[in-house]
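Take a look at the structure set out below.
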Number of protein chains: 2
Amino acid sequence: MVEKDFYIDRLVVVGVGLIGGSLALALKAAGVVGKVVGVGRGLANLETALSYGIVDEITQDVAEGVKDADLVFLATPVCSLGTVTQQMMEHLKPGAILTDGGSVKQAVIDAIDPHLRDDVHFVPGHPIAGTENSGAEAAFASLYQDRRCILTPTPKTDEGALALVARMWELVGSQVVVMDVEKHDRVLAAISHLPHMVAYALVNSVGAYDRYGENILEYSAGGFRDFTRIASSDPTMWSDIALTNRDALVEMMGQFETFFAELKQDVAEGDGERLFEFFRRSKQSRDEII
Amino acid sequence: MVEKDFYIDRLVVVGVGLIGGSLALALKAAGVVGKVVGVGRGLANLETALSYGIVDEITQDVAEGVKDADLVFLATPVCSLGTVTQQMMEHLKPGAILTDGGSVKQAVIDAIDPHLRDDVHFVPGHPIAGTENSGAEAAFASLYQDRRCILTPTPKTDEGALALVARMWELVGSQVVVMDVEKHDRVLAAISHLPHMVAYALVNSVGAYDRYGENILEYSAGGFRDFTRIASSDPTMWSDIALTNRDALVEMMGQFETFFAELKQDVAEGDGERLFEFFRRSKQSRDEII
């Protein structure tokens, strides 16, 4: 059903991968977007996006791509956002809205803010959704269904632009949460960035086990495979996230180390009661969120 | 199809939960078992197993249950196996085969060996399969399909009994691997016991984060939920495993700590190249096993 209160005539998606491509598909499915332009560096990926009907036009030239855009969605790696914003700024029309899907927010705001024109409205955003796959071929229309999307407006953020971006995410099925930037970065360090670090370290520590001269990962069953799925995530994206949310992430990694060391000591001491209580508490917390 | 070379007239399953119940269902589905007797402490669970057709008879009395058994499958927590074996030993018929599904093997052998009669054959085993659910209602016939089952015979193990137990696991769809006991315990510490410790510690460290006076686990998305699925595993069973495979587990936890500390330092120093390489290596190892 077309929502009469919301329509984007010209949407530009910069970085047509899982995140950008899925938003384009979801807005098309909702019937609330006119033309979708895909901008990116890799021609092969752009052509894939075009052939899948994710976007209607493609270009590798940011300046050309954003011309006449009503809304620009930035979905390239966090470290690239400052440069990309700088390249497009003079080509945006007055009143254009710029928003992003970056997994960290303070670093994104710091990178984009210096380049902003007064008549271009930036709304920092983060849809909490994803899979371990990347590229246009990984995009699907229901990625944001029943997910949360966090928006972290700054004092400069235009209220009307914030409302419009919030409405966009609601139309693709997400629950919008407006949150302080620092809180966003700390919460995400805990629930998303830390787990990725743990998964990557786990796979590497088990993979390095060479006592028996064979790859013992071959013996792993479904539990290990599910558990380490996120260790198959894109290394470039995760280097970016780790670099741009350093302080919060290092703090959470330290907190995890404390809990893990406590558990290791209980195992070493054979303290069955404390082990049971540690596992029971964890199971209870985890069962509460599913 | 009934395999003419294999048939168990009377199978006794001690502990009719996910592991024991699924073996009973799988052998019934393969048409290679006559009567199945379920033995356990909890009457409610036994009655569930009976009503689901997992077992044909139930009893809470181990001595009565194992009478005339051709094969006894022990699927109670590892710490209980010594006592259970002692209770049943004088009631087993000559030539009876005893096998188990315990997740650690040296501790199980140490617990069972002293009680064994010369004319009862024990084959230590470990089907590498499971879910985070427990109890008879969690059992299903295809649990062991396309899984590995590790058998760890000791110098005392009868060759004929070993071959029969191996054939049983093959008939329920598993690939049987015969392995040295110590190697089993070390490999499992790495690919299964360590990941569980990591998942439990992760959930507890994130759950303890109280800076914002709300449960931040509420913000977690699919990745965190999948990643922490194994933290919903049975606390009693995992206390048991941690206590009975202490040395190998503490060693692997130490190895993980080393890798995690290295990663934390790279994050703290903002070393993008090393981070990318760490994540790339992990992704490659993980992608190779799926």
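Here's how to read the names in the structure tokens: chain A, B, ... by the order shown, residue numbers from 1 in each chain, ligand numbers from 1 in the order shown.
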Since chain B and chain A share a sequence, can you fit the second onto the first over all C-alpha atoms in order and output it as a CSV table (one decimal) with C-alpha atoms, in the first residue's frame?
```csv
chain,number,residue,atom,x,y,z
A,1,MET,CA,15.3,-51.1,5.4
A,2,VAL,CA,16.1,-53.6,8.1
A,3,GLU,CA,19.8,-54.4,8.0
A,4,LYS,CA,20.0,-58.1,8.5
A,5,ASP,CA,23.5,-57.9,9.9
A,6,PHE,CA,22.5,-55.8,12.9
A,7,TYR,CA,19.7,-56.1,15.4
A,8,ILE,CA,19.4,-55.2,19.1
A,9,ASP,CA,16.7,-57.2,20.8
A,10,ARG,CA,16.6,-55.3,24.0
A,11,LEU,CA,18.1,-51.7,24.2
A,12,VAL,CA,18.2,-49.9,27.5
A,13,VAL,CA,18.6,-46.1,27.5
A,14,VAL,CA,19.7,-44.7,30.8
A,15,GLY,CA,18.8,-41.0,30.7
A,16,VAL,CA,16.1,-40.4,28.1
A,17,GLY,CA,16.9,-36.9,27.1
A,18,LEU,CA,18.0,-35.3,23.9
A,19,ILE,CA,21.0,-37.7,23.4
A,20,GLY,CA,19.5,-40.9,24.7
A,21,GLY,CA,16.0,-40.3,23.3
A,22,SER,CA,17.3,-39.4,19.9
A,23,LEU,CA,19.3,-42.6,19.6
A,24,ALA,CA,16.3,-44.6,20.6
A,25,LEU,CA,14.1,-42.9,18.0
A,26,ALA,CA,16.8,-43.2,15.3
A,27,LEU,CA,17.3,-46.9,15.9
A,28,LYS,CA,13.5,-47.5,15.8
A,29,ALA,CA,13.3,-45.5,12.6
A,30,ALA,CA,16.0,-47.7,11.1
A,31,GLY,CA,14.1,-50.8,12.2
A,32,VAL,CA,17.1,-52.3,14.0
A,33,VAL,CA,15.8,-52.5,17.5
A,34,GLY,CA,13.3,-54.7,19.3
A,35,LYS,CA,12.2,-53.4,22.8
A,36,VAL,CA,13.5,-50.1,24.2
A,37,VAL,CA,13.6,-49.6,27.9
A,38,GLY,CA,13.9,-46.1,29.3
A,39,VAL,CA,15.6,-45.7,32.7
A,40,GLY,CA,15.8,-42.4,34.6
A,41,ARG,CA,15.3,-40.6,37.9
A,42,GLY,CA,12.5,-38.3,36.8
A,43,LEU,CA,9.1,-40.0,36.4
A,44,ALA,CA,7.6,-37.1,34.4
A,45,ASN,CA,10.3,-37.2,31.8
A,46,LEU,CA,10.1,-41.0,31.5
A,47,GLU,CA,6.3,-40.7,31.0
A,48,THR,CA,6.9,-38.1,28.3
A,49,ALA,CA,9.3,-40.5,26.6
A,50,LEU,CA,6.8,-43.3,26.8
A,51,SER,CA,3.9,-41.2,25.5
A,52,TYR,CA,6.0,-40.0,22.5
A,53,GLY,CA,6.9,-43.6,21.7
A,54,ILE,CA,10.6,-43.0,22.3
A,55,VAL,CA,10.7,-46.0,24.7
A,56,ASP,CA,8.4,-49.0,25.1
A,57,GLU,CA,8.9,-49.5,28.9
A,58,ILE,CA,10.0,-47.3,31.7
A,59,THR,CA,11.5,-47.8,35.1
A,60,GLN,CA,13.2,-45.7,37.7
A,61,ASP,CA,15.1,-48.7,39.0
A,62,VAL,CA,18.4,-49.2,37.2
A,63,ALA,CA,18.8,-52.8,38.4
A,64,GLU,CA,15.4,-53.8,37.0
A,65,GLY,CA,15.8,-51.8,33.8
A,66,VAL,CA,19.0,-53.4,32.6
A,67,LYS,CA,17.9,-57.0,33.1
A,68,ASP,CA,18.3,-59.0,29.9
A,69,ALA,CA,19.7,-55.9,28.1
A,70,ASP,CA,21.8,-56.6,25.0
A,71,LEU,CA,23.0,-53.1,24.8
A,72,VAL,CA,22.9,-50.3,27.4
A,73,PHE,CA,23.3,-46.7,26.3
A,74,LEU,CA,24.4,-44.4,29.2
A,75,ALA,CA,23.2,-40.8,28.5
A,76,THR,CA,23.0,-39.3,32.0
A,77,PRO,CA,25.4,-36.4,33.0
A,78,VAL,CA,29.1,-37.5,33.0
A,79,CYS,CA,29.4,-37.1,36.8
A,80,SER,CA,26.7,-39.7,37.4
A,81,LEU,CA,28.1,-42.5,35.2
A,82,GLY,CA,30.3,-44.2,37.8
A,83,THR,CA,27.4,-44.6,40.3
A,84,VAL,CA,25.0,-45.7,37.6
A,85,THR,CA,27.4,-48.3,36.3
A,86,GLN,CA,28.0,-49.6,39.8
A,87,GLN,CA,24.3,-50.0,40.4
A,88,MET,CA,23.6,-52.0,37.3
A,89,MET,CA,26.7,-54.2,37.0
A,90,GLU,CA,25.6,-57.3,38.9
A,91,HIS,CA,22.2,-57.3,37.0
A,92,LEU,CA,23.7,-57.3,33.5
A,93,LYS,CA,23.7,-60.5,31.5
A,94,PRO,CA,27.0,-62.0,30.4
A,95,GLY,CA,28.1,-60.5,27.0
A,96,ALA,CA,26.0,-57.3,27.5
A,97,ILE,CA,27.5,-54.2,25.8
A,98,LEU,CA,27.7,-50.9,27.6
A,99,THR,CA,28.3,-47.7,25.7
A,100,ASP,CA,27.9,-44.0,26.5
A,101,GLY,CA,27.5,-40.6,24.9
A,102,GLY,CA,29.5,-38.5,27.4
A,103,SER,CA,31.2,-35.4,26.1
A,104,VAL,CA,34.5,-36.2,27.8
A,105,LYS,CA,36.1,-39.6,27.7
A,106,GLN,CA,39.0,-40.0,30.1
A,107,ALA,CA,36.8,-39.1,33.1
A,108,VAL,CA,34.1,-41.5,31.9
A,109,ILE,CA,36.5,-44.3,31.5
A,110,ASP,CA,38.0,-43.6,34.9
A,111,ALA,CA,34.6,-43.7,36.5
A,112,ILE,CA,33.3,-46.8,34.8
A,113,ASP,CA,36.3,-49.1,34.4
A,114,PRO,CA,36.7,-50.0,38.1
A,115,HIS,CA,33.1,-51.4,38.2
A,116,LEU,CA,33.2,-53.4,35.0
A,117,ARG,CA,32.8,-57.2,35.1
A,118,ASP,CA,35.0,-59.2,32.7
A,119,ASP,CA,32.1,-60.5,30.7
A,120,VAL,CA,30.5,-57.0,30.2
A,121,HIS,CA,32.0,-55.0,27.3
A,122,PHE,CA,32.3,-51.2,27.6
A,123,VAL,CA,32.8,-49.0,24.5
A,124,PRO,CA,33.3,-45.3,25.3
A,125,GLY,CA,31.6,-43.1,22.7
A,126,HIS,CA,30.7,-39.5,22.0
A,127,PRO,CA,28.3,-38.6,19.2
A,128,ILE,CA,29.1,-35.0,18.3
A,129,ALA,CA,25.6,-33.7,18.0
A,130,GLY,CA,23.2,-31.7,20.1
A,131,THR,CA,21.0,-28.7,20.4
A,132,GLU,CA,20.6,-26.3,23.3
A,133,ASN,CA,17.4,-28.1,24.3
A,134,SER,CA,17.2,-31.0,26.8
A,135,GLY,CA,14.7,-33.6,28.0
A,136,ALA,CA,12.7,-36.3,26.2
A,137,GLU,CA,10.6,-33.7,24.4
A,138,ALA,CA,13.8,-32.4,22.7
A,139,ALA,CA,14.7,-35.8,21.1
A,140,PHE,CA,14.3,-36.3,17.4
A,141,ALA,CA,15.2,-39.2,15.1
A,142,SER,CA,17.6,-37.3,12.7
A,143,LEU,CA,19.8,-35.8,15.4
A,144,TYR,CA,22.8,-38.0,14.4
A,145,GLN,CA,22.3,-37.8,10.6
A,146,ASP,CA,25.5,-36.6,8.9
A,147,ARG,CA,27.3,-36.1,12.2
A,148,ARG,CA,30.5,-37.6,13.5
A,149,CYS,CA,30.6,-40.1,16.4
A,150,ILE,CA,33.9,-40.6,18.1
A,151,LEU,CA,34.7,-43.9,19.8
A,152,THR,CA,37.7,-44.1,22.1
A,153,PRO,CA,38.4,-47.7,22.9
A,154,THR,CA,40.8,-48.6,25.7
A,155,PRO,CA,43.3,-51.5,25.6
A,156,LYS,CA,40.5,-53.5,27.5
A,157,THR,CA,37.8,-52.8,24.9
A,158,ASP,CA,36.5,-55.9,23.1
A,159,GLU,CA,36.9,-55.7,19.3
A,160,GLY,CA,33.5,-57.3,18.6
A,161,ALA,CA,31.7,-54.9,20.9
A,162,LEU,CA,33.6,-51.9,19.3
A,163,ALA,CA,32.5,-53.1,15.8
A,164,LEU,CA,28.9,-53.5,16.9
A,165,VAL,CA,28.7,-50.0,18.5
A,166,ALA,CA,30.4,-48.5,15.4
A,167,ARG,CA,27.8,-50.2,13.2
A,168,MET,CA,25.0,-48.8,15.4
A,169,TRP,CA,26.1,-45.2,14.9
A,170,GLU,CA,26.5,-45.7,11.2
A,171,LEU,CA,23.0,-47.0,11.0
A,172,VAL,CA,21.7,-43.8,12.5
A,173,GLY,CA,23.6,-41.7,9.9
A,174,SER,CA,26.9,-40.9,11.6
A,175,GLN,CA,30.4,-41.1,10.5
A,176,VAL,CA,32.4,-43.1,13.1
A,177,VAL,CA,35.9,-42.0,14.0
A,178,VAL,CA,38.0,-44.1,16.3
A,179,MET,CA,40.3,-41.8,18.3
A,180,ASP,CA,42.8,-41.9,21.2
A,181,VAL,CA,41.1,-40.8,24.5
A,182,GLU,CA,43.5,-38.0,25.2
A,183,LYS,CA,43.2,-36.6,21.7
A,184,HIS,CA,39.4,-36.7,22.0
A,185,ASP,CA,39.4,-34.7,25.2
A,186,ARG,CA,41.8,-32.1,23.8
A,187,VAL,CA,40.0,-31.7,20.5
A,188,LEU,CA,36.6,-31.4,22.1
A,189,ALA,CA,38.0,-28.9,24.6
A,190,ALA,CA,38.9,-26.8,21.6
A,191,ILE,CA,35.9,-27.1,19.3
A,192,SER,CA,33.1,-27.5,21.8
A,193,HIS,CA,34.0,-26.9,25.5
A,194,LEU,CA,35.9,-23.6,24.8
A,195,PRO,CA,33.1,-22.1,22.6
A,196,HIS,CA,30.6,-22.8,25.4
A,197,MET,CA,32.8,-21.1,28.0
A,198,VAL,CA,33.2,-18.1,25.6
A,199,ALA,CA,29.5,-17.9,25.0
A,200,TYR,CA,28.5,-18.1,28.7
A,201,ALA,CA,31.1,-15.4,29.6
A,202,LEU,CA,30.0,-13.2,26.7
A,203,VAL,CA,26.4,-13.2,27.8
A,204,ASN,CA,27.3,-12.6,31.4
A,205,SER,CA,29.7,-9.7,30.6
A,206,VAL,CA,27.2,-8.0,28.4
A,207,GLY,CA,24.3,-8.7,30.7
A,208,ALA,CA,26.2,-7.1,33.6
A,209,TYR,CA,26.6,-3.8,31.7
A,210,ASP,CA,24.5,-1.5,33.7
A,211,ARG,CA,25.7,2.0,32.8
A,212,TYR,CA,22.2,3.0,31.4
A,213,GLY,CA,20.0,1.3,33.9
A,214,GLU,CA,18.3,-0.9,31.3
A,215,ASN,CA,18.9,-4.4,29.9
A,216,ILE,CA,21.0,-3.6,26.8
A,217,LEU,CA,20.5,-7.2,25.6
A,218,GLU,CA,17.1,-6.0,24.4
A,219,TYR,CA,18.9,-4.2,21.6
A,220,SER,CA,20.6,-7.3,20.3
A,221,ALA,CA,19.8,-8.5,16.8
A,222,GLY,CA,20.0,-11.9,15.1
A,223,GLY,CA,23.8,-12.1,15.1
A,224,PHE,CA,24.0,-11.9,18.9
A,225,ARG,CA,21.1,-14.4,19.3
A,226,ASP,CA,22.7,-17.0,17.0
A,227,PHE,CA,26.1,-16.4,18.5
A,228,THR,CA,24.9,-17.0,22.0
A,229,ARG,CA,22.5,-19.8,21.4
A,230,ILE,CA,24.9,-22.3,23.0
A,231,ALA,CA,24.8,-20.1,26.2
A,232,SER,CA,21.3,-21.5,26.7
A,233,SER,CA,22.7,-25.0,27.1
A,234,ASP,CA,22.0,-27.0,30.3
A,235,PRO,CA,24.1,-25.6,33.2
A,236,THR,CA,24.3,-29.0,35.0
A,237,MET,CA,25.7,-30.7,31.9
A,238,TRP,CA,28.2,-28.0,31.3
A,239,SER,CA,29.4,-27.8,34.9
A,240,ASP,CA,30.0,-31.5,34.6
A,241,ILE,CA,31.9,-31.2,31.4
A,242,ALA,CA,34.0,-28.3,32.7
A,243,LEU,CA,34.8,-30.3,35.9
A,244,THR,CA,35.7,-33.5,34.1
A,245,ASN,CA,37.8,-32.0,31.3
A,246,ARG,CA,39.6,-29.4,33.4
A,247,ASP,CA,43.2,-29.6,32.2
A,248,ALA,CA,42.5,-29.6,28.5
A,249,LEU,CA,39.8,-26.9,28.9
A,250,VAL,CA,42.0,-24.6,31.0
A,251,GLU,CA,44.8,-24.9,28.4
A,252,MET,CA,42.4,-24.0,25.6
A,253,MET,CA,40.9,-21.1,27.6
A,254,GLY,CA,44.5,-19.8,28.1
A,255,GLN,CA,45.2,-20.1,24.4
A,256,PHE,CA,42.0,-18.1,23.6
A,257,GLU,CA,43.0,-15.5,26.2
A,258,THR,CA,46.3,-15.0,24.4
A,259,PHE,CA,44.6,-14.4,21.0
A,260,PHE,CA,41.9,-12.2,22.6
A,261,ALA,CA,44.5,-10.1,24.4
A,262,GLU,CA,46.5,-9.7,21.1
A,263,LEU,CA,43.4,-8.5,19.3
A,264,LYS,CA,42.5,-6.1,22.2
A,265,GLN,CA,45.9,-4.6,21.9
A,266,ASP,CA,45.6,-4.1,18.2
A,267,VAL,CA,42.3,-2.4,18.7
A,268,ALA,CA,43.7,-0.2,21.5
A,269,GLU,CA,46.6,0.8,19.2
A,270,GLY,CA,44.4,1.4,16.2
A,271,ASP,CA,46.5,-1.0,14.1
A,272,GLY,CA,44.3,-1.3,11.0
A,273,GLU,CA,46.6,-3.6,9.1
A,274,ARG,CA,46.9,-6.1,11.9
A,275,LEU,CA,43.2,-6.0,12.6
A,276,PHE,CA,42.3,-6.6,9.0
A,277,GLU,CA,44.8,-9.5,8.8
A,278,PHE,CA,43.3,-11.0,12.1
A,279,PHE,CA,39.8,-10.8,10.8
A,280,ARG,CA,40.7,-12.0,7.3
A,281,ARG,CA,42.5,-15.1,8.7
A,282,SER,CA,39.5,-15.9,10.9
A,283,LYS,CA,37.0,-15.5,8.1
A,284,GLN,CA,39.1,-17.8,5.9
A,285,SER,CA,39.3,-20.6,8.5
A,286,ARG,CA,35.6,-20.3,9.2
A,287,ASP,CA,34.5,-20.2,5.6
A,288,GLU,CA,36.5,-23.4,5.0
A,289,ILE,CA,34.4,-25.5,7.4
A,290,ILE,CA,31.0,-24.6,6.1
```
